[in-house]
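**Q** Hey, dropping coords_38.tsv in here, TSV, C-alpha atoms:
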chain	number	residue	atom	x	y	z
D	3	MET	CA	-16.82	52.71	4.35
D	4	ALA	CA	-14.76	53.14	1.16
D	5	ASP	CA	-11.99	54.97	3.07
D	6	SER	CA	-11.71	52.22	5.68
D	7	LEU	CA	-11.61	49.54	2.95
D	8	LEU	CA	-8.83	51.36	1.09
D	9	ARG	CA	-6.80	51.79	4.29
D	10	SER	CA	-7.07	48.08	5.07
D	11	LYS	CA	-5.71	47.16	1.57
D	12	ILE	CA	-2.69	49.46	1.89
D	13	SER	CA	-1.75	48.25	5.38
D	14	SER	CA	-1.77	44.50	4.44
D	15	PRO	CA	1.56	42.50	4.18
D	16	CYS	CA	1.23	42.33	0.37
D	17	SER	CA	0.73	46.03	0.00
D	18	THR	CA	3.18	46.35	-2.91
D	19	THR	CA	1.24	43.78	-4.89
D	20	ALA	CA	-2.02	45.39	-3.98
D	21	LEU	CA	-0.82	48.82	-5.08
D	22	LEU	CA	0.11	47.39	-8.49
D	23	SER	CA	-3.55	46.44	-9.04
D	24	PRO	CA	-5.55	49.37	-10.46
D	25	VAL	CA	-8.41	50.83	-8.42
D	26	PHE	CA	-11.39	51.88	-10.53
D	27	VAL	CA	-13.69	54.74	-9.64
D	28	ASN	CA	-17.34	54.59	-10.66
D	29	SER	CA	-18.10	57.31	-13.22
D	30	SER	CA	-21.45	58.11	-11.56
D	31	SER	CA	-19.98	58.86	-8.13
D	32	SER	CA	-16.38	59.86	-7.35
D	33	SER	CA	-16.71	58.74	-3.70
D	34	ARG	CA	-17.63	55.18	-4.65
D	35	VAL	CA	-14.80	52.67	-5.16
D	36	SER	CA	-15.43	49.54	-7.23
D	37	GLY	CA	-13.59	46.21	-6.79
D	38	LYS	CA	-10.54	45.38	-8.87
D	39	PRO	CA	-11.09	43.60	-12.20
D	40	ARG	CA	-11.36	39.87	-12.17
D	41	GLY	CA	-8.02	38.15	-12.92
D	42	LEU	CA	-5.73	41.04	-11.89
D	43	GLY	CA	-3.54	41.11	-8.76
D	44	PHE	CA	-2.20	38.28	-6.58
D	45	SER	CA	-2.84	37.29	-3.02
D	46	CYS	CA	-0.09	36.40	-0.58
D	47	ASN	CA	-1.10	32.74	-0.62
D	48	SER	CA	-0.89	32.51	-4.42
D	49	LEU	CA	2.58	34.09	-4.39
D	50	ARG	CA	3.78	31.68	-1.72
D	51	GLN	CA	2.41	28.73	-3.71
D	52	ARG	CA	4.13	29.89	-6.90
D	53	TYR	CA	7.44	30.46	-5.11
D	54	SER	CA	7.35	27.07	-3.39
D	55	ARG	CA	6.55	25.37	-6.69
D	56	PHE	CA	9.45	27.17	-8.41
D	57	ALA	CA	11.83	26.22	-5.59
D	58	HIS	CA	10.72	22.58	-5.85
D	59	LEU	CA	11.32	22.52	-9.63
D	60	LYS	CA	14.75	24.12	-9.19
D	61	ALA	CA	15.77	21.55	-6.56
D	62	HIS	CA	14.49	18.74	-8.78
D	63	ALA	CA	16.54	20.04	-11.74
D	64	GLN	CA	19.68	20.11	-9.60
D	65	GLU	CA	19.11	16.50	-8.56
D	66	VAL	CA	18.46	15.29	-12.14
D	67	ALA	CA	21.45	17.11	-13.70
D	68	PRO	CA	24.17	14.84	-12.21
D	69	GLU	CA	22.24	11.72	-13.26
D	70	GLU	CA	21.99	12.99	-16.83
D	71	SER	CA	25.74	13.72	-16.94
D	72	GLN	CA	26.50	10.21	-15.66
D	73	SER	CA	24.29	8.62	-18.35
D	74	LYS	CA	26.06	10.54	-21.13
D	75	GLU	CA	27.35	8.13	-23.74
D	76	PRO	CA	31.10	8.00	-24.44
D	77	LYS	CA	32.46	9.52	-27.62
D	78	TRP	CA	33.05	7.19	-30.55
D	79	TRP	CA	36.82	6.94	-30.04
D	80	GLU	CA	36.34	6.11	-26.34
D	81	ARG	CA	34.40	2.93	-27.09
D	82	ASN	CA	36.05	-0.49	-27.18
D	83	ALA	CA	34.54	-3.55	-28.83
D	84	GLY	CA	35.98	-6.03	-26.34
D	85	PRO	CA	38.84	-6.93	-23.99
D	86	ASN	CA	41.17	-7.47	-26.98
D	87	MET	CA	40.85	-3.78	-27.94
D	88	ILE	CA	43.14	-1.51	-25.91
D	89	ASP	CA	43.80	2.23	-25.89
D	90	VAL	CA	47.48	3.19	-25.92
D	91	HIS	CA	48.34	6.52	-24.25
D	92	SER	CA	52.15	6.54	-24.33
D	93	THR	CA	55.18	5.07	-26.07
D	94	GLN	CA	55.93	2.85	-23.08
D	95	GLU	CA	52.40	1.43	-23.12
D	96	PHE	CA	52.81	0.71	-26.82
D	97	LEU	CA	56.08	-1.19	-26.32
D	98	ASP	CA	54.70	-3.06	-23.29
D	99	ALA	CA	51.61	-4.15	-25.25
D	100	LEU	CA	53.73	-5.51	-28.09
D	101	ARG	CA	55.99	-7.36	-25.65
D	102	ASP	CA	53.10	-8.85	-23.67
D	103	ALA	CA	51.29	-9.96	-26.83
D	104	GLY	CA	53.86	-12.67	-27.38
D	105	ASP	CA	53.13	-14.53	-30.63
D	106	ARG	CA	49.67	-13.04	-31.11
D	107	LEU	CA	48.92	-10.95	-34.16
D	108	VAL	CA	48.74	-7.27	-33.17
D	109	ILE	CA	46.92	-4.69	-35.28
D	110	VAL	CA	47.58	-1.06	-34.41
D	111	GLU	CA	45.22	1.66	-35.57
D	112	PHE	CA	46.50	5.24	-35.61
D	113	TYR	CA	43.52	7.60	-35.59
D	114	GLY	CA	42.46	11.19	-34.92
D	115	THR	CA	39.34	12.29	-33.08
D	116	TRP	CA	38.82	14.92	-35.80
D	117	CYS	CA	39.28	12.43	-38.67
D	118	ALA	CA	35.98	11.77	-40.47
D	119	SER	CA	37.41	8.73	-42.23
D	120	CYS	CA	38.51	7.25	-38.89
D	121	ARG	CA	35.03	7.70	-37.49
D	122	ALA	CA	33.35	6.12	-40.53
D	123	LEU	CA	35.65	3.10	-40.40
D	124	PHE	CA	35.44	2.55	-36.64
D	125	PRO	CA	32.13	0.56	-36.45
D	126	LYS	CA	33.38	-1.94	-39.03
D	127	LEU	CA	36.68	-2.24	-37.18
D	128	CYS	CA	34.77	-3.01	-33.97
D	129	ARG	CA	32.93	-5.86	-35.69
D	130	THR	CA	36.27	-7.26	-36.86
D	131	VAL	CA	37.55	-7.07	-33.27
D	132	GLN	CA	34.59	-9.14	-32.08
D	133	GLU	CA	35.06	-11.67	-34.90
D	134	HIS	CA	38.76	-12.20	-33.98
D	135	PRO	CA	39.17	-12.42	-30.19
D	136	GLU	CA	42.59	-14.02	-30.74
D	137	ILE	CA	43.97	-10.79	-32.27
D	138	LEU	CA	45.09	-7.85	-30.15
D	139	PHE	CA	43.93	-4.46	-31.44
D	140	LEU	CA	45.69	-1.32	-30.22
D	141	LYS	CA	44.25	2.18	-30.67
D	142	VAL	CA	46.74	5.06	-30.78
D	143	ASN	CA	45.48	8.64	-30.67
D	144	PHE	CA	47.70	10.61	-33.06
D	145	ASP	CA	47.33	13.92	-31.18
D	146	GLU	CA	48.30	12.32	-27.85
D	147	ASN	CA	51.33	10.50	-29.29
D	148	LYS	CA	52.69	12.76	-32.04
D	149	PRO	CA	56.44	12.10	-31.46
D	150	MET	CA	55.95	8.33	-31.58
D	151	CYS	CA	53.65	8.51	-34.62
D	152	LYS	CA	56.12	10.65	-36.54
D	153	ARG	CA	58.99	8.25	-35.82
D	154	LEU	CA	56.79	5.39	-37.05
D	155	ASN	CA	56.16	7.36	-40.29
D	156	VAL	CA	52.44	7.75	-39.65
D	157	ARG	CA	51.51	10.60	-41.98
D	158	VAL	CA	47.99	9.65	-43.09
D	159	LEU	CA	44.97	8.69	-40.98
D	160	PRO	CA	43.61	6.16	-40.42
D	161	PHE	CA	46.84	4.16	-40.58
D	162	PHE	CA	47.47	0.53	-39.60
D	163	HIS	CA	50.50	-1.46	-38.46
D	164	PHE	CA	50.61	-5.25	-38.20
D	165	TYR	CA	53.02	-6.90	-35.72
D	166	ARG	CA	53.63	-10.47	-34.65
D	167	GLY	CA	56.08	-11.84	-32.10
D	168	ALA	CA	59.60	-12.46	-33.31
D	169	ASP	CA	58.65	-11.38	-36.85
D	170	GLY	CA	58.25	-7.79	-35.66
D	171	GLN	CA	56.42	-5.44	-38.02
D	172	LEU	CA	54.76	-7.35	-40.84
D	173	GLU	CA	52.92	-4.70	-42.80
D	174	SER	CA	51.74	-1.09	-42.68
D	175	PHE	CA	49.29	0.83	-44.84
D	176	SER	CA	46.60	3.50	-44.87
D	177	CYS	CA	43.02	2.29	-45.11
D	178	SER	CA	39.61	3.94	-45.45
D	179	LEU	CA	36.14	2.44	-45.18
D	180	ALA	CA	35.99	1.86	-48.95
D	181	LYS	CA	39.23	-0.17	-48.80
D	182	PHE	CA	38.49	-2.14	-45.63
D	183	GLN	CA	39.09	-5.35	-47.54
D	184	LYS	CA	42.83	-4.63	-47.22
D	185	ILE	CA	42.56	-5.23	-43.46
D	186	LYS	CA	40.68	-8.50	-43.99
D	187	ASP	CA	43.25	-9.69	-46.52
D	188	ALA	CA	46.13	-8.82	-44.18
D	189	ILE	CA	44.47	-10.72	-41.34
D	190	ALA	CA	44.04	-13.78	-43.57
D	191	ILE	CA	47.73	-13.69	-44.46
D	192	HIS	CA	49.29	-12.94	-41.07
D	193	ASN	CA	46.89	-14.65	-38.66
D	194	THR	CA	48.02	-18.18	-39.50
D	195	GLU	CA	49.30	-20.73	-37.01
D	196	ARG	CA	53.04	-20.45	-36.45
D	197	CYS	CA	55.72	-21.17	-33.89
D	198	SER	CA	57.81	-18.40	-32.39
D	199	ILE	CA	61.52	-18.62	-33.06
D	200	GLY	CA	62.57	-16.12	-30.42
D	201	PRO	CA	61.46	-13.30	-28.15
D	202	PRO	CA	59.21	-10.59	-29.61
D	203	VAL	CA	61.20	-7.89	-31.34
D	204	GLY	CA	58.49	-5.25	-31.00
D	205	VAL	CA	59.12	-2.50	-33.51
D	206	GLY	CA	62.28	-3.95	-34.97
D	207	ASP	CA	65.47	-1.91	-34.95
D	208	LEU	CA	63.71	1.37	-34.13
D	209	ASN	CA	64.00	2.37	-30.46
D	210	LEU	CA	61.05	4.67	-29.82
D	211	LEU	CA	62.29	5.65	-26.37
D	212	ASP	CA	65.39	7.36	-27.79
D	213	THR	CA	65.29	11.11	-28.06
D	214	PRO	CA	65.47	12.57	-31.61
D	215	GLY	CA	68.85	14.19	-30.82
D	216	SER	CA	70.48	10.88	-29.90
D	217	GLN	CA	70.17	9.45	-33.41
Show how you would write the structure in this file as structure tokens.
**A**
Amino acid sequence: MADSLLRSKISSPCSTTALLSPVFVNSSSSSRVSGKPRGLGFSCNSLRQRYSRFAHLKAHAQEVAPEESQSKEPKWWERNAGPNMIDVHSTQEFLDALRDAGDRLVIVEFYGTWCASCRALFPKLCRTVQEHPEILFLKVNFDENKPMCKRLNVRVLPFFHFYRGADGQLESFSCSLAKFQKIKDAIAIHNTERCSIGPPVGVGDLNLLDTPGSQ
């Protein structure tokens, strides 16, 4: 009886699993085989259930991963406070934005993604953008526009330029969060009602599209 029972266990489809389970021999009789201990070994059905559950979890994770990547929030420098806040990616975009602004006051922020002072100041700048929808705010990434920034003498970050229509560049200065009042004071001075006396001059006499060797 014991021999036939042992042969049936070895010949089953899950024979490798069955062989991993120890077989205990009763100490009183070497010909008598006891059952395997409770809790050891797996049946074929339990293995199939575990595999199907693992496959289901893996498929679910693959479906959720794209949704999580889509819901990822933008980095701080990628956020804009409103339609009057524009990212500038090239010298031509910068000149076009100044030309299209007409007689509006334009505030240009030169920043770096690695600049801790730029990051600390940015939330307060966004509130100012929302408080002054009549002002155009341009954001210029220093690392993406190094030649233009150098020709505009931007050597410290964050740095600000103020432009307005035919008056061209009005003011430029460096400003941190502790000195944010400088920006408010400049807005109060330059954001007054005025009439344009000619076409916008952009950046004045400096032609940013010239190559350094041509000057």
**Q** What separation in Å, quoted to one decimal, exists between atom CA of Asp105 of chain D and atom CA of Pro135 of chain D?
**A**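 Going from atom CA of Asp105 of chain D over to atom CA of Pro135 of chain D, I get 14.1 Å.
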**Q** Nearest residue to Gln132 of chain D out of D:Ala83, D:Val203, D:Leu210, D:Val110, using only C-alpha atoms?
**A**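 Checking each candidate against Gln132 of chain D, we get D:Ala83 as the closest.
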**Q** Which of these, D:Lys126, D:Arg166, D:Arg153, D:Arg196, has the shortest distance to Gln183 of chain D once you count only C-alpha atoms?
**A**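 Checking each of D:Lys126, D:Arg166, D:Arg153, D:Arg196 against Gln183 of chain D, counting only C-alpha atoms, the winner is D:Lys126.
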**Q** Using only C-alpha atoms, find the one residue out of D:Met150, D:Phe112, D:Leu179, D:Cys117 that sits nearest to Phe162 of chain D.
**A** D:Phe112
**Q** Please measure the separation of atom CA of Val131 of chain D and atom CA of Lys74 of chain D, giving the value in Å to one decimal.
**A** 24.3 Å
**Q** If you measure from atom CA of Arg81 of chain D to atom CA of Glu111 of chain D, what distance in Å do you get, rounded to one decimal?
**A**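 So the answer is 13.8 Å.
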**Q** Please return as a short mmCIF file (atom, residue, chain, number, x, y, z; two decimals) with C-alpha atoms, in the coordinates of the input every residue within 12 Å of (45.5, -6.8, -33.8), taking into account only C-alpha atoms and the file's own coordinates.
**A**
data_model
loop_
_atom_site.label_atom_id
_atom_site.label_comp_id
_atom_site.auth_asym_id
_atom_site.auth_seq_id
_atom_site.Cartn_x
_atom_site.Cartn_y
_atom_site.Cartn_z
CA PRO D 85 38.84 -6.93 -23.99
CA ASN D 86 41.17 -7.47 -26.98
CA MET D 87 40.85 -3.78 -27.94
CA ILE D 88 43.14 -1.51 -25.91
CA ALA D 99 51.61 -4.15 -25.25
CA LEU D 100 53.73 -5.51 -28.09
CA ALA D 103 51.29 -9.96 -26.83
CA ASP D 105 53.13 -14.53 -30.63
CA ARG D 106 49.67 -13.04 -31.11
CA LEU D 107 48.92 -10.95 -34.16
CA VAL D 108 48.74 -7.27 -33.17
CA ILE D 109 46.92 -4.69 -35.28
CA VAL D 110 47.58 -1.06 -34.41
CA GLU D 111 45.22 1.66 -35.57
CA LEU D 127 36.68 -2.24 -37.18
CA CYS D 128 34.77 -3.01 -33.97
CA THR D 130 36.27 -7.26 -36.86
CA VAL D 131 37.55 -7.07 -33.27
CA GLN D 132 34.59 -9.14 -32.08
CA GLU D 133 35.06 -11.67 -34.90
CA HIS D 134 38.76 -12.20 -33.98
CA PRO D 135 39.17 -12.42 -30.19
CA GLU D 136 42.59 -14.02 -30.74
CA ILE D 137 43.97 -10.79 -32.27
CA LEU D 138 45.09 -7.85 -30.15
CA PHE D 139 43.93 -4.46 -31.44
CA LEU D 140 45.69 -1.32 -30.22
CA LYS D 141 44.25 2.18 -30.67
CA PHE D 162 47.47 0.53 -39.60
CA HIS D 163 50.50 -1.46 -38.46
CA PHE D 164 50.61 -5.25 -38.20
CA TYR D 165 53.02 -6.90 -35.72
CA ARG D 166 53.63 -10.47 -34.65
CA GLY D 167 56.08 -11.84 -32.10
CA GLN D 171 56.42 -5.44 -38.02
CA LEU D 172 54.76 -7.35 -40.84
CA GLU D 173 52.92 -4.70 -42.80
CA ILE D 185 42.56 -5.23 -43.46
CA LYS D 186 40.68 -8.50 -43.99
CA ALA D 188 46.13 -8.82 -44.18
CA ILE D 189 44.47 -10.72 -41.34
CA HIS D 192 49.29 -12.94 -41.07
CA ASN D 193 46.89 -14.65 -38.66
#
**Q** Skip Pro160 of chain D itself and residues of its chain fewer than 2 positions away, then list as a PyMOL selection string all residues within 10 Å of it, counting only C-alpha atoms.
**A** chain D and resi 111-114+117-121+123-124+144+156-158+162+175-179
**Q** For Cys151 of chain D, which of D:Ile191, D:Phe182, D:His91, D:Trp78 is the closest residue, counting only C-alpha atoms?
**A**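 Of all the options, D:His91 lies closest to Cys151 of chain D.
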**Q** Measuring atom to atom with all atoms listed in the file, identify which of D:Asn147, D:Trp116, D:Leu159, D:Asn82 is nearest to Gln94 of chain D.
**A**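 Under the stated criterion, the closest residue is D:Asn147.
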**Q** Between D:Gly170, D:Val205, D:Val142, D:Phe161, which has the minimum distance to Lys184 of chain D (counting all atoms listed in the file)?
**A**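 Using all atoms listed in the file, the shortest distance to Lys184 of chain D belongs to D:Phe161.
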**Q** Dump segment 95-202 of chain D with C-alpha atoms to a file, as a PDB file, in the first residue's frame.
**A**
ATOM      1  CA  GLU D  95      11.512  84.618 -29.736  1.00  0.00           C
ATOM      2  CA  PHE D  96      12.855  87.243 -27.351  1.00  0.00           C
ATOM      3  CA  LEU D  97      12.969  89.950 -30.044  1.00  0.00           C
ATOM      4  CA  ASP D  98       9.541  88.961 -31.403  1.00  0.00           C
ATOM      5  CA  ALA D  99       8.002  89.158 -27.920  1.00  0.00           C
ATOM      6  CA  LEU D 100       9.390  92.652 -27.353  1.00  0.00           C
ATOM      7  CA  ARG D 101       8.156  93.795 -30.772  1.00  0.00           C
ATOM      8  CA  ASP D 102       4.670  92.326 -30.313  1.00  0.00           C
ATOM      9  CA  ALA D 103       4.323  93.813 -26.823  1.00  0.00           C
ATOM     10  CA  GLY D 104       3.960  97.276 -28.313  1.00  0.00           C
ATOM     11  CA  ASP D 105       3.673  99.871 -25.537  1.00  0.00           C
ATOM     12  CA  ARG D 106       3.145  97.345 -22.755  1.00  0.00           C
ATOM     13  CA  LEU D 107       5.625  97.106 -19.917  1.00  0.00           C
ATOM     14  CA  VAL D 108       7.754  93.975 -20.341  1.00  0.00           C
ATOM     15  CA  ILE D 109       9.604  92.376 -17.426  1.00  0.00           C
ATOM     16  CA  VAL D 110      12.199  89.762 -18.340  1.00  0.00           C
ATOM     17  CA  GLU D 111      13.440  87.296 -15.745  1.00  0.00           C
ATOM     18  CA  PHE D 112      16.723  85.504 -16.418  1.00  0.00           C
ATOM     19  CA  TYR D 113      16.859  82.361 -14.283  1.00  0.00           C
ATOM     20  CA  GLY D 114      18.601  79.008 -13.880  1.00  0.00           C
ATOM     21  CA  THR D 115      16.938  75.715 -13.032  1.00  0.00           C
ATOM     22  CA  TRP D 116      19.783  75.063 -10.567  1.00  0.00           C
ATOM     23  CA  CYS D 117      19.498  78.496  -8.918  1.00  0.00           C
ATOM     24  CA  ALA D 118      18.084  78.214  -5.383  1.00  0.00           C
ATOM     25  CA  SER D 119      17.419  81.948  -5.216  1.00  0.00           C
ATOM     26  CA  CYS D 120      15.438  81.785  -8.482  1.00  0.00           C
ATOM     27  CA  ARG D 121      13.305  78.984  -7.102  1.00  0.00           C
ATOM     28  CA  ALA D 122      12.632  80.799  -3.811  1.00  0.00           C
ATOM     29  CA  LEU D 123      11.597  83.975  -5.628  1.00  0.00           C
ATOM     30  CA  PHE D 124       9.412  82.294  -8.252  1.00  0.00           C
ATOM     31  CA  PRO D 125       6.147  81.882  -6.220  1.00  0.00           C
ATOM     32  CA  LYS D 126       6.139  85.579  -5.320  1.00  0.00           C
ATOM     33  CA  LEU D 127       6.835  86.492  -8.929  1.00  0.00           C
ATOM     34  CA  CYS D 128       3.845  84.389 -10.001  1.00  0.00           C
ATOM     35  CA  ARG D 129       1.580  86.309  -7.627  1.00  0.00           C
ATOM     36  CA  THR D 130       2.836  89.573  -9.130  1.00  0.00           C
ATOM     37  CA  VAL D 131       2.052  88.222 -12.614  1.00  0.00           C
ATOM     38  CA  GLN D 132      -1.533  87.529 -11.558  1.00  0.00           C
ATOM     39  CA  GLU D 133      -1.859  90.972  -9.946  1.00  0.00           C
ATOM     40  CA  HIS D 134      -0.708  92.732 -13.169  1.00  0.00           C
ATOM     41  CA  PRO D 135      -2.337  91.118 -16.216  1.00  0.00           C
ATOM     42  CA  GLU D 136      -1.456  94.238 -18.235  1.00  0.00           C
ATOM     43  CA  ILE D 137       2.296  93.510 -17.902  1.00  0.00           C
ATOM     44  CA  LEU D 138       4.071  90.954 -20.067  1.00  0.00           C
ATOM     45  CA  PHE D 139       6.486  88.704 -18.174  1.00  0.00           C
ATOM     46  CA  LEU D 140       9.146  86.806 -20.116  1.00  0.00           C
ATOM     47  CA  LYS D 141      11.124  83.899 -18.636  1.00  0.00           C
ATOM     48  CA  VAL D 142      14.571  83.243 -20.112  1.00  0.00           C
ATOM     49  CA  ASN D 143      16.449  80.080 -19.162  1.00  0.00           C
ATOM     50  CA  PHE D 144      20.110  81.089 -18.842  1.00  0.00           C
ATOM     51  CA  ASP D 145      21.476  77.659 -19.798  1.00  0.00           C
ATOM     52  CA  GLU D 146      19.341  77.515 -22.960  1.00  0.00           C
ATOM     53  CA  ASN D 147      20.268  81.051 -24.071  1.00  0.00           C
ATOM     54  CA  LYS D 148      23.839  81.614 -22.883  1.00  0.00           C
ATOM     55  CA  PRO D 149      25.073  83.661 -25.905  1.00  0.00           C
ATOM     56  CA  MET D 150      22.137  86.072 -25.661  1.00  0.00           C
ATOM     57  CA  CYS D 151      22.416  86.365 -21.865  1.00  0.00           C
ATOM     58  CA  LYS D 152      26.121  87.148 -22.053  1.00  0.00           C
ATOM     59  CA  ARG D 153      25.568  89.873 -24.649  1.00  0.00           C
ATOM     60  CA  LEU D 154      22.889  91.361 -22.392  1.00  0.00           C
ATOM     61  CA  ASN D 155      25.432  91.379 -19.507  1.00  0.00           C
ATOM     62  CA  VAL D 156      23.469  88.896 -17.411  1.00  0.00           C
ATOM     63  CA  ARG D 157      26.077  87.675 -14.946  1.00  0.00           C
ATOM     64  CA  VAL D 158      24.030  87.122 -11.774  1.00  0.00           C
ATOM     65  CA  LEU D 159      20.811  85.150 -11.296  1.00  0.00           C
ATOM     66  CA  PRO D 160      18.013  85.920 -10.897  1.00  0.00           C
ATOM     67  CA  PHE D 161      18.337  89.009 -13.082  1.00  0.00           C
ATOM     68  CA  PHE D 162      15.599  91.314 -14.399  1.00  0.00           C
ATOM     69  CA  HIS D 163      15.246  93.624 -17.397  1.00  0.00           C
ATOM     70  CA  PHE D 164      12.438  96.152 -17.845  1.00  0.00           C
ATOM     71  CA  TYR D 165      11.409  97.214 -21.378  1.00  0.00           C
ATOM     72  CA  ARG D 166       8.664  99.421 -22.747  1.00  0.00           C
ATOM     73  CA  GLY D 167       7.829 100.279 -26.343  1.00  0.00           C
ATOM     74  CA  ALA D 168       9.771 103.119 -27.897  1.00  0.00           C
ATOM     75  CA  ASP D 169      11.632 103.731 -24.624  1.00  0.00           C
ATOM     76  CA  GLY D 170      13.495 100.446 -25.042  1.00  0.00           C
ATOM     77  CA  GLN D 171      15.273  99.127 -21.957  1.00  0.00           C
ATOM     78  CA  LEU D 172      14.274 101.070 -18.864  1.00  0.00           C
ATOM     79  CA  GLU D 173      16.100  99.332 -16.051  1.00  0.00           C
ATOM     80  CA  SER D 174      18.044  96.198 -15.153  1.00  0.00           C
ATOM     81  CA  PHE D 175      19.108  94.754 -11.816  1.00  0.00           C
ATOM     82  CA  SER D 176      19.639  91.572  -9.827  1.00  0.00           C
ATOM     83  CA  CYS D 177      16.985  90.718  -7.261  1.00  0.00           C
ATOM     84  CA  SER D 178      16.539  88.038  -4.607  1.00  0.00           C
ATOM     85  CA  LEU D 179      13.499  87.164  -2.506  1.00  0.00           C
ATOM     86  CA  ALA D 180      14.685  89.444   0.317  1.00  0.00           C
ATOM     87  CA  LYS D 181      14.851  92.403  -2.101  1.00  0.00           C
ATOM     88  CA  PHE D 182      11.625  91.733  -4.003  1.00  0.00           C
ATOM     89  CA  GLN D 183      10.464  95.245  -3.174  1.00  0.00           C
ATOM     90  CA  LYS D 184      12.812  96.474  -5.933  1.00  0.00           C
ATOM     91  CA  ILE D 185      10.559  94.797  -8.513  1.00  0.00           C
ATOM     92  CA  LYS D 186       7.434  96.366  -7.005  1.00  0.00           C
ATOM     93  CA  ASP D 187       9.055  99.797  -6.973  1.00  0.00           C
ATOM     94  CA  ALA D 188      10.160  99.453 -10.602  1.00  0.00           C
ATOM     95  CA  ILE D 189       6.641  98.435 -11.625  1.00  0.00           C
ATOM     96  CA  ALA D 190       5.198 101.479  -9.862  1.00  0.00           C
ATOM     97  CA  ILE D 191       7.596 103.756 -11.730  1.00  0.00           C
ATOM     98  CA  HIS D 192       7.450 102.263 -15.221  1.00  0.00           C
ATOM     99  CA  ASN D 193       3.876 100.966 -15.424  1.00  0.00           C
ATOM    100  CA  THR D 194       2.285 104.404 -15.757  1.00  0.00           C
ATOM    101  CA  GLU D 195       0.007 105.514 -18.570  1.00  0.00           C
ATOM    102  CA  ARG D 196       1.928 106.923 -21.519  1.00  0.00           C
ATOM    103  CA  CYS D 197       1.679 107.443 -25.248  1.00  0.00           C
ATOM    104  CA  SER D 198       4.118 105.812 -27.632  1.00  0.00           C
ATOM    105  CA  ILE D 199       6.212 108.193 -29.693  1.00  0.00           C
ATOM    106  CA  GLY D 200       7.394 105.633 -32.216  1.00  0.00           C
ATOM    107  CA  PRO D 201       7.847 101.951 -32.974  1.00  0.00           C
ATOM    108  CA  PRO D 202       9.278  99.707 -30.243  1.00  0.00           C
TER     109      PRO D 202
END
